[in-house]
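Asker: Mind looking over this structure? Questions follow.
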Amino acid sequence: MSPVLFELLVRSIWETILMTAASGLISLVFGLPLGLALVATDRGGIAENLWVNRALGAVINGFRSVPFIILLVALIPVTRLIVGTSIGTWAAIVPLSIAATPYYARIAEVSLREVDHGLIEAARAMGGNRWTIIREVLVPEALPGIVAGFTVTLVTLIGASAMAGAIGAGGLGDLAIRYGYQRFETSVMIAVVIVLIVLVCGIQWAGDRLVARLDHRA
Amino acid sequence: MNQHFASVTEVTHPVGGRSAGPNDVVRLIELKRRFGATAALDGVSLSVRQGEILGIIGRSGAGKSTLIRCLNGLERPDSGQVFIEGRDISRLGERELQPLRRRIGMIFQHFNLLSAKTVEDNVALPLKIEGRPRAERLARAAELLELVGLSEKAKAYPASLSGGQKQRVGIARALAARPALLLSDEATSALDPETTRSILALLRDINRQLGLTILLITHEMEVIRSIADRVAVIDAGRIVEQGPVWSIFADPKSAITQSLLGGIRPQLPAEIASRLTQNAGVEAILRIDVAGEAARSPLLSDLALAVPGSFRLVHGGIDHVQQQPVGTLFVAVAGSNEAHLAEVIAFLKARQARVEVLGHVAGSV
């Protein structure tokens, strides 16, 4: 591999990590509260409100049913509004975040729903309010699942970021298509695949380690 | 009208029947709650005195859980009133209930400990909810863990504890905010008999040492017998009988109470029961229930002196409930002579025993 290609590879790794980390963080910040809202407003939840619950569910399903490559293009006006441009790495973070947030909200919802209702009742019996229940019961008890779900989301984001090349965002996927595939640079293709495997394994390993440390259930 | 009806159907034992006093920690008036077509509570009135242990017993589905959950507002009655320390909480909103619930500790069948918190943080949680500083919370948690005998487990997570230890943590947690009332929701139902005894002994100690009022629900008479001062029997959403435990044990009026007592009171052995006939035979089998004075006196030898005859103890014995002797004796009376039996029964009734001729047997049993 030529030094030029190597430099491209390094830059692409950085772009992929940047896109994954930024949109992962945004999906965590917005997806977790969304997941909490889904569980809390559902029947028998701590803030039961079925209309809000259905509306939230519909919006989330709507975003989740649009293929990412279409979302990427369809959101161009929104991206331009937020970032000021519709091309480049930062521009890709907007559709990535918007796609990952409802995805992560659903994953967080599953973990939060698994928290034993008896624990919520115990907190209520102690005189806890909704905020207490969220802070002391729901989130801590679901934390292993919340972290494991975040790991899955990050890995999915690495895959999705490969498509962001379509709007000139760079990244490993883009490099593999333009150099590895279109210019028959097999070494670039192999290097990209190896880097991706290392990246995914690293995230999964770190996530699993963290979950094991947080999980006191068994 | 309802109140009139309640007074007809509810059997109140002499010492248990009392009007509400100023020392009642809990007073329930005509509590009703329906779930769809079924009435979980169908007009329950009940008081719990300061410092006593009241046991509520009933089969599953009798309304016990709904009743106990009405006491801290986890469940709302459709009608009726719930007075806690003199204050009606049945119409309070969730926000107003929160400070009140801190006056009421609760322990659960499945412990409901937070798996993500250490034992001491679980115990300290009610104080965290109250907004106490961390140092104070941990000092109080240490004190309570000492009380329940789990000091060395302060830093452990609940998953590493046995069922009995988990319930001890549950009890410590329920006491953290110095409640005026402890609610126990089938707290020993998931535990083995030995652990059950130690948990009940702990609750008894706490009741005596701290003067804490305890209301517990259970489906096991053994629990009532071990620690309750007074018992109320609930069936189909109504209190069918209530009174001091020994008095209910001595003289259960309702069929449901008799059936709940079946497991721990002497029953006529099946092999004898199967041979009983209503025709006169060689021996008559009597069931004699005695309590208090009648159980302390030499009843059978007095009987033999007063009404000469042969009386043989077939089964049964004297039990002690709340330091009161309570006995059920199955006695075979030789010869099934009607006039003789009538004399025997008259003598026993005069001695405050309850007698029932169960039948006759052809041969000796």
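Labels for the structure tokens follow display order: chains A, B, ..., residues from 1 in each chain, ligands from 1.
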For chain B, work out the contacting residues on chain A at 6 Å, counting only C-alpha atoms, and write them as a list of chain:residue names.

Answerer: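 The answer, sorted by residue number, is A:Gly118, A:Leu119, A:Ala125, A:Met126, A:Gly127, A:Gly128, A:Glu141, A:His216, A:Arg217, A:Ala218.
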
Asker: I'd like the neighbourhood of segment 342-345 of chain B as a ChimeraX atom specification, where a residue qualifies if any of its atoms comes within 8 Å (using only C-alpha atoms), though same-chain residues fewer than 6 positions away should be ignored.

Answerer: /B:303,307,355

Asker: Identify which of the residues B:Leu286, B:Leu200, B:Ile56, B:Leu341 lies closest to Ala232 of chain B, counting only C-alpha atoms when measuring atom-to-atom distances.

Answerer: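 When distances to Ala232 of chain B are compared using only C-alpha atoms, the smallest one comes from B:Ile56.
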
Asker: As a list in words, please: every residue in segment 243-276 of chain B that a backbone DSSP assignment puts in helix (DSSP H, G or I).

Answerer: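 Checking each residue of segment 243-276 of chain B, the helix (DSSP H, G or I) ones are Val245, Trp246, Ser247, Ile248, Phe249, Ala250, Ala255, Ile256, Thr257, Gln258, Ser259, Leu260, Leu261, Ala270, Glu271, Ile272 and Ala273 of chain B.
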
Asker: Quick one: residues within 9 Å of Thr257 of chain B, only C-alpha atoms, excluding same-chain residues fewer than 5 positions away - as a list in words?

Answerer: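 My reading of the contact set: Ile57, Gly58, Val233, Ile234, Val240, Glu241, Ile248, Phe249, Pro252 and Gly262 of chain B.
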
Asker: Find the distance between atom CA of Gly44 of chain A and atom CA of Gly61 of chain B and write it in Å to one decimal.

Answerer: 20.6 Å

Asker: Could you tell me how far atom CA of Thr132 of chain A lies from atom CA of Ser162 of chain B, in Å and to one decimal?

Answerer: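 Computed distance, atom CA of Thr132 of chain A to atom CA of Ser162 of chain B, equals 27.3 Å.
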
Asker: Looking only at strand (DSSP E) from DSSP on the backbone, list the matching residues of segment 235-364 of chain B as a PyMOL selection string.

Answerer: chain B and resi 235+238-244+283-291+311-321+324-334+354-361

Asker: Residues near segment 272-281 of chain B, anyone? I mean within 9 Å using only C-alpha atoms, not counting same-chain ones fewer than 4 positions away, as number ranges by chain.

Answerer: B: 268, 285, 335-338, 358-363, 365

Asker: Between atom CA of Ile17 of chain A and atom CA of Val59 of chain A, what is the distance, to one decimal in Å?

Answerer: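 Interatomic distance, atom CA of Ile17 of chain A to atom CA of Val59 of chain A: 28.3 Å.
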
Asker: So that I can see what lies close to Thr156 of chain A, please list as a PDB file with C-alpha atoms, in the first residue's frame the residues with an atom at most 12 Å from it, counting only C-alpha atoms and leaving out residues fewer than 3 positions away in the same chain.

Answerer:
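Contents of part_10.pdb, as written:
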```pdb
ATOM      1  CA  MET A  19     -19.194   9.491  12.918  1.00  0.00           C
ATOM      2  CA  THR A  20     -19.830   6.455  15.107  1.00  0.00           C
ATOM      3  CA  ALA A  21     -18.887   8.142  18.367  1.00  0.00           C
ATOM      4  CA  SER A  23     -23.976   9.773  16.482  1.00  0.00           C
ATOM      5  CA  GLY A  24     -23.713   7.053  19.141  1.00  0.00           C
ATOM      6  CA  PHE A  68     -30.913   4.408   5.980  1.00  0.00           C
ATOM      7  CA  LEU A  96     -26.843   8.743  11.446  1.00  0.00           C
ATOM      8  CA  SER A  97     -28.060  10.168  14.776  1.00  0.00           C
ATOM      9  CA  ALA A  99     -31.567   6.823  12.440  1.00  0.00           C
ATOM     10  CA  ALA A 100     -29.801   5.518  15.551  1.00  0.00           C
ATOM     11  CA  THR A 101     -31.904   7.355  18.134  1.00  0.00           C
ATOM     12  CA  TYR A 103     -33.201   2.243  17.109  1.00  0.00           C
ATOM     13  CA  TYR A 104     -31.541   2.703  20.477  1.00  0.00           C
ATOM     14  CA  GLY A 149     -27.793  -2.331  23.779  1.00  0.00           C
ATOM     15  CA  PHE A 150     -25.506   0.659  23.328  1.00  0.00           C
ATOM     16  CA  THR A 151     -22.746  -1.695  22.192  1.00  0.00           C
ATOM     17  CA  VAL A 152     -25.076  -3.164  19.574  1.00  0.00           C
ATOM     18  CA  THR A 153     -26.028   0.354  18.460  1.00  0.00           C
ATOM     19  CA  GLY A 159     -22.015  -0.426   9.375  1.00  0.00           C
ATOM     20  CA  ALA A 160     -24.388   2.434   8.620  1.00  0.00           C
ATOM     21  CA  SER A 161     -21.537   4.948   8.414  1.00  0.00           C
ATOM     22  CA  ALA A 162     -20.205   3.055   5.390  1.00  0.00           C
ATOM     23  CA  MET A 163     -23.204   4.364   3.434  1.00  0.00           C
ATOM     24  CA  LEU A 196     -13.496  -2.913  10.697  1.00  0.00           C
ATOM     25  CA  LEU A 199     -13.046  -1.982  15.556  1.00  0.00           C
ATOM     26  CA  VAL A 200     -16.194  -4.088  15.986  1.00  0.00           C
ATOM     27  CA  ILE A 203     -16.277  -2.238  20.893  1.00  0.00           C
ATOM     28  CA  GLN A 204     -17.984  -5.555  21.620  1.00  0.00           C
TER      29      GLN A 204
END
```

Asker: Write out as a PDB file with N, CA and C atoms, in the first residue's frame each polymer residue whose atoms come within 9 Å of Arg43 of chain A, counting only C-alpha atoms; drop sequence neighbours fewer than 6 positions from it.

Answerer:
```pdb
ATOM      1  N   ASN A  49     -49.897   7.118  29.880  1.00  0.00           N
ATOM      2  CA  ASN A  49     -50.568   8.036  28.965  1.00  0.00           C
ATOM      3  C   ASN A  49     -50.549   7.372  27.600  1.00  0.00           C
ATOM      4  N   LEU A  50     -51.612   6.648  27.319  1.00  0.00           N
ATOM      5  CA  LEU A  50     -51.601   5.794  26.132  1.00  0.00           C
ATOM      6  C   LEU A  50     -51.529   6.576  24.831  1.00  0.00           C
ATOM      7  N   ASN A  53     -48.019   7.506  24.354  1.00  0.00           N
ATOM      8  CA  ASN A  53     -47.306   6.268  24.071  1.00  0.00           C
ATOM      9  C   ASN A  53     -47.468   5.853  22.612  1.00  0.00           C
TER      10      ASN A  53
END
```

Asker: Have a look at A:Pro144, A:Glu185, A:Gly180, A:Thr16 and name the one nearest to Asp208 of chain A; count only C-alpha atoms.

Answerer: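 Going through A:Pro144, A:Glu185, A:Gly180, A:Thr16 one by one, the smallest distance to Asp208 of chain A is for A:Pro144.
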
Asker: Closest to Asp302 of chain B among B:Val282, B:Phe347, B:Val326, B:Pro266, using only C-alpha atoms?

Answerer: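 Result for the nearest residue to Asp302 of chain B: B:Phe347.
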
Asker: If you count only C-alpha atoms, which residues fall within 9 Å of Ser79 of chain B, apart from same-chain ones fewer than 6 positions away, as a list in words?

Answerer: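 Residues meeting the cut-off are Glu30, Leu31, Lys32, Arg33, Gly43 and Ser90 of chain B.
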
Asker: Under the rule that only C-alpha atoms are counted, which of A:Val39, A:Leu175, A:Ile13, A:Leu75 is the nearest residue to Ala105 of chain A?

Answerer: A:Val39
